Amino acid sequence: MLLSIVVPVYNEEENIGNFYQAVTTVMTGLSYEYELIYVDDGSSDVSAAILQEIAKRDERVKVILLARNFGHQLALTCGLDYAKGDAVITMDGDMQHPPALIPELVRLWESGYDVVRTIRDSTEDASWAKSFTSKYYYKLMNKMADVPILEGGSDFRLMNRNALETLKQFREHGRFLRGIVGALGYRQAELHFVAPPRFAGVSKFSVRKMIRFALDGVTAFSRVPLRAALYVGVLCGGLSFLLILHLLYVYLTGQALNGWTTIGVSILFIGGIQLVGLGIIGEYVGRIFEEVKQRPLYWVKAAINFDGECENVNLEPSRADIFIANQVAGPKEKD
Ligand code: UDP
Ligand code: MG
C-alpha cells in the first residue's frame, strides 16, 4: 500500500524544510510506503531549488515544477494527477494543516471511508475580516449551491484511489475542489481541527485570489445569481408598472411637469439593476468562454524523481544554499 501526500507550494522557502521534517517524522511512524509530492506553483523565491535539493537526498520526495503560477487549486490538481498512491492526502505546506493529523486521516481510511474531509473549526491567526467573510461565504454558498458545501471546509483531505479517479475526470478550469469532492458521494468522513498560525511567511492568497476563488465556488455550483437577476427584473418591472400608472395620473390631472424627480430616480434605479444583471451574466459567460477554450489546466516545467521523467532543471543556486544548509537536516546523500 502506498500513500501519496500532495503539497502545493508558492514562495514557501522558509516553510519547506520544517514541513518536510514534520511529515517525514509522522510518516516513518506509520507502516506505509509513501511519496511526498511537492508542486511548486511557479515560486519566485528559492523554493524550487530547496525542493530539488531535498529530492536529491530523499527519493520518496517528488517534485513538480509548474511553468508559472497557476493558483492553489490547479497546483493541487497537478499533484493529484501525478499521485500513484492507494490513498492520497492533500495539504498546505505552511503547517496550517497539521501533519500530526495524518495518522487520524489514515485510520479513518483504514476503517472503510473513501474520503476523509477536514473541517477547520477556526484558524488561530486569521484576521477578523477573513474569518467573518469566510463564515458568511459558506453560509451563503450552502443556501445557493446545488451540493452541500461544508462550512470551514478545507483542502486538507484524504481520498482513496477510487474517489480520486472520479475526481480526476472533472476537468473544469474555475475549480472549487471542496465543492466537487462534496458532490462525489462515496463514504465520507469528517474530521475537525483548529488550524494553527502559519509557521513562517505570509498568506499567498491575495485579496484578488480570494475573490476569484469565492466567485469560482459560486458560479461553479449555483445558478441562483442568474435567477436572482431574473427575479429582480420582474420586481422592477412590477414597480415600473405602478410608476406608469402614477405618471398617467399626474399627466391626466394636469401636473405633468412635476414628474421629473420620479423619472430621474426610476431611470437611475432601473439602470443600476440592469447593470447588475448584466454583470452577473457576464461573469458566467466569461467562465463559459474560459472552459470552451479547453486549454490545459496547467503545464509542467520539470518533474523530478518520477521514474523515467525529466530530471534536474538548471536552477540558479543563489540564496538557495543558505536555506538548504539551514533547513535540510544531515549530510545524508542518496547513494
Ligand atoms: N499556494 C499555491 N499557489 C498560490 C497560492 C498559494 O500553491 O497561488 C499554496 C501555498 O504555498 C500554501 C497553500 O497553497 O501551501 C495555501 O496557501 P496559503 O497558506 O497562502 O493560504 P491561507 O492558508 O492563507 O488561506
Ligand atoms: Mg496557510
# chains A, B, ... in the order shown; residues from 1 in each chain; ligands from 1
>>> residues_around(residues="Leu51 (chain A)", least_positions_apart="3", cutoff="8 Å", atoms="only C-alpha atoms", output="PDB file with N, CA, C and O atoms, in the first residue's frame")
ATOM      1  N   ILE A  16       9.437  25.092   3.780  1.00  0.00           N
ATOM      2  CA  ILE A  16       9.600  23.772   3.170  1.00  0.00           C
ATOM      3  C   ILE A  16      10.367  22.791   4.059  1.00  0.00           C
ATOM      4  O   ILE A  16       9.927  21.664   4.281  1.00  0.00           O
ATOM      5  N   TYR A  38       5.624  17.397  -3.993  1.00  0.00           N
ATOM      6  CA  TYR A  38       5.550  18.851  -3.900  1.00  0.00           C
ATOM      7  C   TYR A  38       5.244  19.414  -5.279  1.00  0.00           C
ATOM      8  O   TYR A  38       5.888  19.044  -6.252  1.00  0.00           O
ATOM      9  N   SER A  47      12.245  28.426  -3.389  1.00  0.00           N
ATOM     10  CA  SER A  47      11.510  27.189  -3.074  1.00  0.00           C
ATOM     11  C   SER A  47      11.902  26.032  -3.994  1.00  0.00           C
ATOM     12  O   SER A  47      12.179  24.928  -3.529  1.00  0.00           O
ATOM     13  N   ALA A  48      11.949  26.308  -5.307  1.00  0.00           N
ATOM     14  CA  ALA A  48      12.206  25.230  -6.274  1.00  0.00           C
ATOM     15  C   ALA A  48      13.571  24.601  -6.031  1.00  0.00           C
ATOM     16  O   ALA A  48      13.721  23.373  -6.070  1.00  0.00           O
ATOM     17  N   ILE A  54      16.130  18.628  -1.682  1.00  0.00           N
ATOM     18  CA  ILE A  54      15.534  17.583  -0.838  1.00  0.00           C
ATOM     19  C   ILE A  54      15.299  16.317  -1.661  1.00  0.00           C
ATOM     20  O   ILE A  54      15.560  15.204  -1.210  1.00  0.00           O
ATOM     21  N   ALA A  55      14.808  16.511  -2.887  1.00  0.00           N
ATOM     22  CA  ALA A  55      14.515  15.355  -3.748  1.00  0.00           C
ATOM     23  C   ALA A  55      15.777  14.564  -4.058  1.00  0.00           C
ATOM     24  O   ALA A  55      15.738  13.340  -4.209  1.00  0.00           O
ATOM     25  N   VAL A  63       9.059  16.051  -7.005  1.00  0.00           N
ATOM     26  CA  VAL A  63       8.824  17.486  -7.177  1.00  0.00           C
ATOM     27  C   VAL A  63       8.349  17.770  -8.592  1.00  0.00           C
ATOM     28  O   VAL A  63       8.928  17.283  -9.559  1.00  0.00           O
TER      29      VAL A  63
END
>>> residues_near_ligand(ligand="ligand 2", cutoff="9 Å", atoms="only C-alpha atoms and all ligand atoms", output="list in words")
Asp92, Gly93, Asp94, Met95, Gln96, His97, Ala195, Pro197, Arg198, Phe199, Val202, Ser203, Lys204 and Phe205 of chain A
>>> write_last_selection(atoms="N, CA and C atoms", output="PDB file, in the first residue's frame")
ATOM      1  N   ASP A  92      -1.675  21.860   2.833  1.00  0.00           N
ATOM      2  CA  ASP A  92      -0.865  23.054   2.608  1.00  0.00           C
ATOM      3  C   ASP A  92       0.524  22.859   3.193  1.00  0.00           C
ATOM      4  N   GLY A  93       1.473  23.596   2.648  1.00  0.00           N
ATOM      5  CA  GLY A  93       2.855  23.426   3.078  1.00  0.00           C
ATOM      6  C   GLY A  93       3.289  24.406   4.156  1.00  0.00           C
ATOM      7  N   ASP A  94       2.347  25.066   4.831  1.00  0.00           N
ATOM      8  CA  ASP A  94       2.745  26.095   5.798  1.00  0.00           C
ATOM      9  C   ASP A  94       2.435  25.688   7.236  1.00  0.00           C
ATOM     10  N   MET A  95       2.146  24.392   7.452  1.00  0.00           N
ATOM     11  CA  MET A  95       1.850  23.829   8.777  1.00  0.00           C
ATOM     12  C   MET A  95       0.459  24.205   9.281  1.00  0.00           C
ATOM     13  N   GLN A  96      -0.345  24.882   8.450  1.00  0.00           N
ATOM     14  CA  GLN A  96      -1.709  25.181   8.904  1.00  0.00           C
ATOM     15  C   GLN A  96      -2.594  23.940   8.818  1.00  0.00           C
ATOM     16  N   HIS A  97      -2.149  22.967   8.044  1.00  0.00           N
ATOM     17  CA  HIS A  97      -2.801  21.661   8.040  1.00  0.00           C
ATOM     18  C   HIS A  97      -1.840  20.729   8.777  1.00  0.00           C
ATOM     19  N   ALA A 195      -6.819  25.192  12.850  1.00  0.00           N
ATOM     20  CA  ALA A 195      -5.609  25.480  12.080  1.00  0.00           C
ATOM     21  C   ALA A 195      -4.687  26.390  12.877  1.00  0.00           C
ATOM     22  N   PRO A 197      -1.394  28.948  13.466  1.00  0.00           N
ATOM     23  CA  PRO A 197      -0.894  30.012  12.596  1.00  0.00           C
ATOM     24  C   PRO A 197       0.127  29.447  11.621  1.00  0.00           C
ATOM     25  N   ARG A 198       0.333  30.154  10.527  1.00  0.00           N
ATOM     26  CA  ARG A 198       1.385  29.808   9.587  1.00  0.00           C
ATOM     27  C   ARG A 198       2.718  29.658  10.300  1.00  0.00           C
ATOM     28  N   PHE A 199       3.546  28.702   9.899  1.00  0.00           N
ATOM     29  CA  PHE A 199       4.860  28.542  10.514  1.00  0.00           C
ATOM     30  C   PHE A 199       5.725  29.764  10.208  1.00  0.00           C
ATOM     31  N   VAL A 202       3.953  34.882   4.854  1.00  0.00           N
ATOM     32  CA  VAL A 202       2.596  35.432   4.878  1.00  0.00           C
ATOM     33  C   VAL A 202       1.714  34.631   3.940  1.00  0.00           C
ATOM     34  N   SER A 203       0.405  34.806   4.083  1.00  0.00           N
ATOM     35  CA  SER A 203      -0.541  34.092   3.229  1.00  0.00           C
ATOM     36  C   SER A 203      -0.259  34.394   1.770  1.00  0.00           C
ATOM     37  N   LYS A 204      -0.338  33.363   0.926  1.00  0.00           N
ATOM     38  CA  LYS A 204      -0.090  33.549  -0.502  1.00  0.00           C
ATOM     39  C   LYS A 204      -1.393  33.783  -1.256  1.00  0.00           C
ATOM     40  N   PHE A 205      -2.478  33.919  -0.489  1.00  0.00           N
ATOM     41  CA  PHE A 205      -3.754  34.229  -1.111  1.00  0.00           C
ATOM     42  C   PHE A 205      -3.987  35.728  -1.038  1.00  0.00           C
TER      43      PHE A 205
END
>>> select_by_dssp(residues="region 87-274 of chain A", states="strand (DSSP E)", output="VMD selection string")
chain A and resid 87 to 90 115 to 123 153 to 160 188 to 195
>>> closest_residue(among="A:Pro225, A:Gly185, A:Gly153, A:Gly42", to="Gly277 (chain A)", atoms="only C-alpha atoms")
A:Pro225
>>> residues_around(residues="region 135-140 of chain A", least_positions_apart="2", cutoff="12 Å", atoms="only C-alpha atoms", output="ChimeraX atom specification")
/A:120-123,126,128-133,142-145,147-154,178-179,210-211,213-215,217-218,221-222,224-225
>>> atom_distance(atom1="CA of Lys62 (chain A)", atom2="CA of Phe306 (chain A)")
6.5 Å
>>> select_by_dssp(residues="region 68-270 of chain A", states="helix (DSSP H, G or I)", output="MDAnalysis selection string")
chainID A and resid 72:82 99:110 128:144 161:168 177:184 207:221 224:252 256:270
>>> residues_around(residues="Tyr34 (chain A)", least_positions_apart="4", cutoff="7 Å", atoms="only C-alpha atoms", output="number ranges by chain")
A: 2-4, 60
>>> closest_residue(among="A:Leu191, A:Leu74, A:Leu184, A:Ile273", to="ligand 1", atoms="only C-alpha atoms and all ligand atoms")
A:Leu74
>>> residues_around(residues="Gly79 (chain A)", least_positions_apart="3", cutoff="8 Å", atoms="only C-alpha atoms", output="PyMOL selection string")
chain A and resi 6-8+37-39+64+75-76+82-83
>>> write_last_selection(atoms="N, CA and C atoms", output="JSON list (two decimals), in the first residue's frame")
[["chain", "number", "residue", "atom", "x", "y", "z"],
["A", 6, "VAL", "N", 0.24, 15.22, -1.23],
["A", 6, "VAL", "CA", 0.39, 16.25, -2.26],
["A", 6, "VAL", "C", 0.38, 17.62, -1.61],
["A", 7, "VAL", "N", 1.41, 18.40, -1.87],
["A", 7, "VAL", "CA", 1.55, 19.71, -1.23],
["A", 7, "VAL", "C", 1.87, 20.79, -2.26],
["A", 8, "PRO", "N", 0.96, 21.72, -2.49],
["A", 8, "PRO", "CA", 1.28, 22.83, -3.39],
["A", 8, "PRO", "C", 2.07, 23.90, -2.62],
["A", 37, "ILE", "N", 4.70, 14.46, -2.69],
["A", 37, "ILE", "CA", 4.75, 15.18, -3.97],
["A", 37, "ILE", "C", 4.58, 16.67, -3.73],
["A", 38, "TYR", "N", 5.62, 17.40, -3.99],
["A", 38, "TYR", "CA", 5.55, 18.85, -3.90],
["A", 38, "TYR", "C", 5.24, 19.41, -5.28],
["A", 39, "VAL", "N", 4.29, 20.32, -5.35],
["A", 39, "VAL", "CA", 4.05, 21.01, -6.62],
["A", 39, "VAL", "C", 4.45, 22.46, -6.42],
["A", 64, "ILE", "N", 7.29, 18.54, -8.69],
["A", 64, "ILE", "CA", 6.83, 19.00, -10.00],
["A", 64, "ILE", "C", 6.98, 20.52, -10.00],
["A", 75, "ALA", "N", -2.61, 23.83, -8.86],
["A", 75, "ALA", "CA", -1.39, 23.16, -8.38],
["A", 75, "ALA", "C", -1.78, 21.85, -7.69],
["A", 76, "LEU", "N", -2.83, 21.90, -6.89],
["A", 76, "LEU", "CA", -3.33, 20.68, -6.24],
["A", 76, "LEU", "C", -3.73, 19.64, -7.28],
["A", 82, "TYR", "N", -0.51, 13.33, -10.70],
["A", 82, "TYR", "CA", 0.75, 12.58, -10.67],
["A", 82, "TYR", "C", 0.78, 11.52, -9.57],
["A", 83, "ALA", "N", -0.10, 11.63, -8.59],
["A", 83, "ALA", "CA", -0.01, 10.75, -7.42],
["A", 83, "ALA", "C", -0.33, 9.30, -7.79]]
>>> closest_residue(among="A:Leu297, A:Leu65, A:Leu268, A:Val181", to="Ile50 (chain A)", atoms="only C-alpha atoms")
A:Leu65
>>> residues_around(residues="Thr219 (chain A)", least_positions_apart="4", cutoff="12 Å", atoms="only C-alpha atoms", output="mmCIF file with N, CA, C and O atoms, in the first residue's frame")
data_model
loop_
_atom_site.group_PDB
_atom_site.id
_atom_site.type_symbol
_atom_site.label_atom_id
_atom_site.label_comp_id
_atom_site.auth_asym_id
_atom_site.auth_seq_id
_atom_site.Cartn_x
_atom_site.Cartn_y
_atom_site.Cartn_z
ATOM 1 N N MET A 141 -23.192 30.157 0.434
ATOM 2 C CA MET A 141 -22.989 29.091 -0.548
ATOM 3 C C MET A 141 -23.942 27.939 -0.282
ATOM 4 O O MET A 141 -24.497 27.344 -1.194
ATOM 5 N N MET A 144 -27.262 28.584 -1.648
ATOM 6 C CA MET A 144 -27.379 28.695 -3.101
ATOM 7 C C MET A 144 -26.960 27.446 -3.869
ATOM 8 O O MET A 144 -27.479 27.170 -4.937
ATOM 9 N N ALA A 145 -25.967 26.743 -3.338
ATOM 10 C CA ALA A 145 -25.321 25.719 -4.154
ATOM 11 C C ALA A 145 -26.183 24.480 -4.334
ATOM 12 O O ALA A 145 -27.038 24.168 -3.502
ATOM 13 N N ASP A 146 -25.934 23.769 -5.437
ATOM 14 C CA ASP A 146 -26.669 22.540 -5.732
ATOM 15 C C ASP A 146 -26.201 21.405 -4.822
ATOM 16 O O ASP A 146 -26.880 20.415 -4.661
ATOM 17 N N GLU A 172 -12.771 20.972 -15.113
ATOM 18 C CA GLU A 172 -13.090 22.389 -15.285
ATOM 19 C C GLU A 172 -11.965 23.290 -14.782
ATOM 20 O O GLU A 172 -11.192 22.911 -13.903
ATOM 21 N N HIS A 173 -11.880 24.479 -15.404
ATOM 22 C CA HIS A 173 -10.814 25.419 -15.045
ATOM 23 C C HIS A 173 -11.107 26.116 -13.732
ATOM 24 O O HIS A 173 -10.303 26.098 -12.817
ATOM 25 N N GLY A 174 -12.268 26.802 -13.662
ATOM 26 C CA GLY A 174 -12.609 27.521 -12.446
ATOM 27 C C GLY A 174 -13.050 26.506 -11.416
ATOM 28 O O GLY A 174 -14.219 26.221 -11.260
ATOM 29 N N ARG A 175 -12.075 25.906 -10.714
ATOM 30 C CA ARG A 175 -12.466 24.775 -9.872
ATOM 31 C C ARG A 175 -12.498 25.124 -8.399
ATOM 32 O O ARG A 175 -11.740 25.943 -7.912
ATOM 33 N N PHE A 176 -13.399 24.470 -7.726
ATOM 34 C CA PHE A 176 -13.598 24.662 -6.317
ATOM 35 C C PHE A 176 -13.616 23.240 -5.774
ATOM 36 O O PHE A 176 -14.660 22.615 -5.666
ATOM 37 N N GLY A 179 -15.996 21.747 -3.232
ATOM 38 C CA GLY A 179 -17.365 21.545 -3.722
ATOM 39 C C GLY A 179 -17.463 20.261 -4.528
ATOM 40 O O GLY A 179 -18.399 19.474 -4.354
ATOM 41 N N ARG A 212 -11.489 35.768 -6.558
ATOM 42 C CA ARG A 212 -11.613 34.878 -7.707
ATOM 43 C C ARG A 212 -12.075 33.497 -7.263
ATOM 44 O O ARG A 212 -12.969 32.892 -7.855
ATOM 45 N N PHE A 213 -11.448 33.023 -6.196
ATOM 46 C CA PHE A 213 -11.760 31.697 -5.664
ATOM 47 C C PHE A 213 -13.222 31.642 -5.201
ATOM 48 O O PHE A 213 -13.959 30.707 -5.502
ATOM 49 N N ALA A 214 -13.637 32.710 -4.493
ATOM 50 C CA ALA A 214 -15.015 32.767 -3.998
ATOM 51 C C ALA A 214 -16.000 32.746 -5.170
ATOM 52 O O ALA A 214 -17.002 32.033 -5.149
ATOM 53 N N LEU A 215 -15.688 33.515 -6.231
ATOM 54 C CA LEU A 215 -16.583 33.551 -7.392
ATOM 55 C C LEU A 215 -16.587 32.214 -8.121
ATOM 56 O O LEU A 215 -17.614 31.772 -8.617
ATOM 57 N N ARG A 223 -26.713 28.409 -9.849
ATOM 58 C CA ARG A 223 -27.263 29.293 -10.866
ATOM 59 C C ARG A 223 -28.195 30.313 -10.220
ATOM 60 O O ARG A 223 -28.885 31.049 -10.900
ATOM 61 N N VAL A 224 -28.171 30.340 -8.893
ATOM 62 C CA VAL A 224 -29.054 31.256 -8.175
ATOM 63 C C VAL A 224 -28.809 32.726 -8.584
ATOM 64 O O VAL A 224 -29.767 33.457 -8.812
ATOM 65 N N PRO A 225 -27.539 33.168 -8.708
ATOM 66 C CA PRO A 225 -27.339 34.572 -9.089
ATOM 67 C C PRO A 225 -27.990 34.924 -10.423
ATOM 68 O O PRO A 225 -28.550 36.009 -10.584
ATOM 69 N N LEU A 226 -27.939 33.981 -11.386
ATOM 70 C CA LEU A 226 -28.591 34.234 -12.676
ATOM 71 C C LEU A 226 -30.092 34.398 -12.482
ATOM 72 O O LEU A 226 -30.708 35.279 -13.060
ATOM 73 N N ILE A 280 -23.727 39.959 -13.754
ATOM 74 C CA ILE A 280 -23.849 38.549 -13.362
ATOM 75 C C ILE A 280 -23.776 37.657 -14.591
ATOM 76 O O ILE A 280 -23.045 36.667 -14.635
ATOM 77 N N ILE A 281 -24.519 38.054 -15.636
ATOM 78 C CA ILE A 281 -24.488 37.246 -16.859
ATOM 79 C C ILE A 281 -23.066 37.225 -17.418
ATOM 80 O O ILE A 281 -22.553 36.186 -17.815
ATOM 81 N N GLY A 282 -22.416 38.402 -17.402
ATOM 82 C CA GLY A 282 -21.047 38.491 -17.902
ATOM 83 C C GLY A 282 -20.115 37.541 -17.175
ATOM 84 O O GLY A 282 -19.274 36.877 -17.779
ATOM 85 N N GLU A 283 -20.291 37.452 -15.856
ATOM 86 C CA GLU A 283 -19.439 36.567 -15.043
ATOM 87 C C GLU A 283 -19.563 35.111 -15.509
ATOM 88 O O GLU A 283 -18.572 34.414 -15.673
ATOM 89 N N TYR A 284 -20.796 34.691 -15.754
ATOM 90 C CA TYR A 284 -20.985 33.313 -16.211
ATOM 91 C C TYR A 284 -20.493 33.127 -17.645
ATOM 92 O O TYR A 284 -19.851 32.136 -17.962
ATOM 93 N N VAL A 285 -20.777 34.114 -18.510
ATOM 94 C CA VAL A 285 -20.342 33.992 -19.907
ATOM 95 C C VAL A 285 -18.815 33.918 -19.962
ATOM 96 O O VAL A 285 -18.245 33.113 -20.690
ATOM 97 N N GLY A 286 -18.157 34.740 -19.139
ATOM 98 C CA GLY A 286 -16.697 34.710 -19.093
ATOM 99 C C GLY A 286 -16.195 33.325 -18.733
ATOM 100 O O GLY A 286 -15.209 32.839 -19.281
ATOM 101 N N ARG A 287 -16.884 32.680 -17.811
ATOM 102 C CA ARG A 287 -16.458 31.342 -17.390
ATOM 103 C C ARG A 287 -16.731 30.312 -18.478
ATOM 104 O O ARG A 287 -15.971 29.365 -18.656
ATOM 105 N N ILE A 288 -17.840 30.502 -19.216
ATOM 106 C CA ILE A 288 -18.106 29.589 -20.341
ATOM 107 C C ILE A 288 -16.975 29.727 -21.354
ATOM 108 O O ILE A 288 -16.421 28.752 -21.850
#
>>> atom_distance(atom1="CA of Gly112 (chain A)", atom2="CA of Arg187 (chain A)")
7.9 Å
>>> atom_distance(atom1="CA of Asn69 (chain A)", atom2="CA of Lys293 (chain A)")
19.3 Å
>>> closest_residue(among="A:Gly29, A:Gly201, A:Gly182, A:Gly272", to="ligand 1", atoms="only C-alpha atoms and all ligand atoms")
A:Gly201
>>> residues_around(residues="Arg68 (chain A)", least_positions_apart="3", cutoff="10 Å", atoms="only C-alpha atoms", output="ChimeraX atom specification")
/A:40-44,65,71,298-301
>>> write_last_selection(atoms="all heavy atoms", output="short mmCIF file (atom, residue, chain, number, x, y, z; two decimals), in the first residue's frame")
data_model
loop_
_atom_site.label_atom_id
_atom_site.label_comp_id
_atom_site.auth_asym_id
_atom_site.auth_seq_id
_atom_site.Cartn_x
_atom_site.Cartn_y
_atom_site.Cartn_z
N ASP A 40 5.51 22.86 -7.09
CA ASP A 40 5.93 24.25 -6.97
C ASP A 40 5.15 25.08 -7.98
O ASP A 40 5.29 24.92 -9.19
CB ASP A 40 7.44 24.38 -7.23
CG ASP A 40 7.86 25.84 -7.17
OD1 ASP A 40 7.88 26.40 -6.08
OD2 ASP A 40 8.12 26.43 -8.24
N ASP A 41 4.33 25.97 -7.46
CA ASP A 41 3.39 26.72 -8.28
C ASP A 41 4.05 28.00 -8.81
O ASP A 41 3.56 29.10 -8.56
CB ASP A 41 2.15 27.05 -7.42
CG ASP A 41 1.01 27.60 -8.23
OD1 ASP A 41 1.06 27.52 -9.47
OD2 ASP A 41 0.05 28.10 -7.62
N GLY A 42 5.18 27.83 -9.50
CA GLY A 42 5.86 28.98 -10.10
C GLY A 42 6.42 29.96 -9.08
O GLY A 42 6.34 31.18 -9.28
N SER A 43 7.00 29.45 -8.01
CA SER A 43 7.56 30.33 -6.98
C SER A 43 8.65 31.23 -7.55
O SER A 43 9.39 30.83 -8.44
CB SER A 43 8.20 29.50 -5.85
OG SER A 43 7.23 28.74 -5.21
N SER A 44 8.73 32.44 -7.01
CA SER A 44 9.79 33.34 -7.47
C SER A 44 10.91 33.43 -6.43
O SER A 44 11.89 34.12 -6.63
CB SER A 44 9.21 34.72 -7.75
OG SER A 44 8.48 35.16 -6.63
N LEU A 65 7.65 21.02 -11.00
CA LEU A 65 7.76 22.47 -11.12
C LEU A 65 6.82 22.93 -12.21
O LEU A 65 6.96 22.53 -13.36
CB LEU A 65 9.21 22.87 -11.46
CG LEU A 65 10.31 22.37 -10.52
CD1 LEU A 65 11.69 22.80 -11.02
CD2 LEU A 65 10.08 22.89 -9.10
N GLY A 71 -2.09 29.00 -9.45
CA GLY A 71 -3.05 29.09 -8.34
C GLY A 71 -3.15 27.76 -7.60
O GLY A 71 -2.90 26.69 -8.15
N TYR A 298 -2.84 23.17 -16.53
CA TYR A 298 -1.54 23.62 -16.05
C TYR A 298 -0.50 23.02 -16.98
O TYR A 298 -0.82 22.10 -17.74
CB TYR A 298 -1.30 23.12 -14.62
CG TYR A 298 -1.41 21.62 -14.50
CD1 TYR A 298 -0.33 20.79 -14.85
CD2 TYR A 298 -2.60 21.00 -14.12
CE1 TYR A 298 -0.44 19.42 -14.81
CE2 TYR A 298 -2.71 19.63 -14.07
CZ TYR A 298 -1.62 18.84 -14.42
OH TYR A 298 -1.74 17.48 -14.39
N TRP A 299 0.69 23.55 -16.99
CA TRP A 299 1.77 22.86 -17.69
C TRP A 299 3.03 22.86 -16.86
O TRP A 299 3.24 23.72 -16.02
CB TRP A 299 1.99 23.38 -19.12
CG TRP A 299 1.90 24.86 -19.33
CD1 TRP A 299 2.94 25.73 -19.42
CD2 TRP A 299 0.70 25.64 -19.51
NE1 TRP A 299 2.47 27.00 -19.63
CE2 TRP A 299 1.10 26.97 -19.69
CE3 TRP A 299 -0.67 25.34 -19.54
CZ2 TRP A 299 0.19 28.01 -19.88
CZ3 TRP A 299 -1.57 26.39 -19.73
CH2 TRP A 299 -1.13 27.69 -19.91
N VAL A 300 3.82 21.82 -17.12
CA VAL A 300 4.89 21.48 -16.20
C VAL A 300 6.25 21.80 -16.79
O VAL A 300 6.49 21.57 -17.96
CB VAL A 300 4.78 19.96 -15.89
CG1 VAL A 300 6.02 19.43 -15.23
CG2 VAL A 300 3.55 19.69 -15.04
N LYS A 301 7.12 22.39 -15.97
CA LYS A 301 8.48 22.70 -16.43
C LYS A 301 9.38 21.49 -16.22
O LYS A 301 10.18 21.16 -17.07
CB LYS A 301 8.99 23.89 -15.60
CG LYS A 301 10.31 24.44 -16.03
CD LYS A 301 10.46 25.89 -15.55
CE LYS A 301 10.57 25.93 -14.02
NZ LYS A 301 10.69 27.31 -13.49
#
>>> closest_residue(among="A:Ser206, A:Ser111, A:Asn162, A:Asn305", to="Val61 (chain A)", atoms="only C-alpha atoms")
A:Asn305
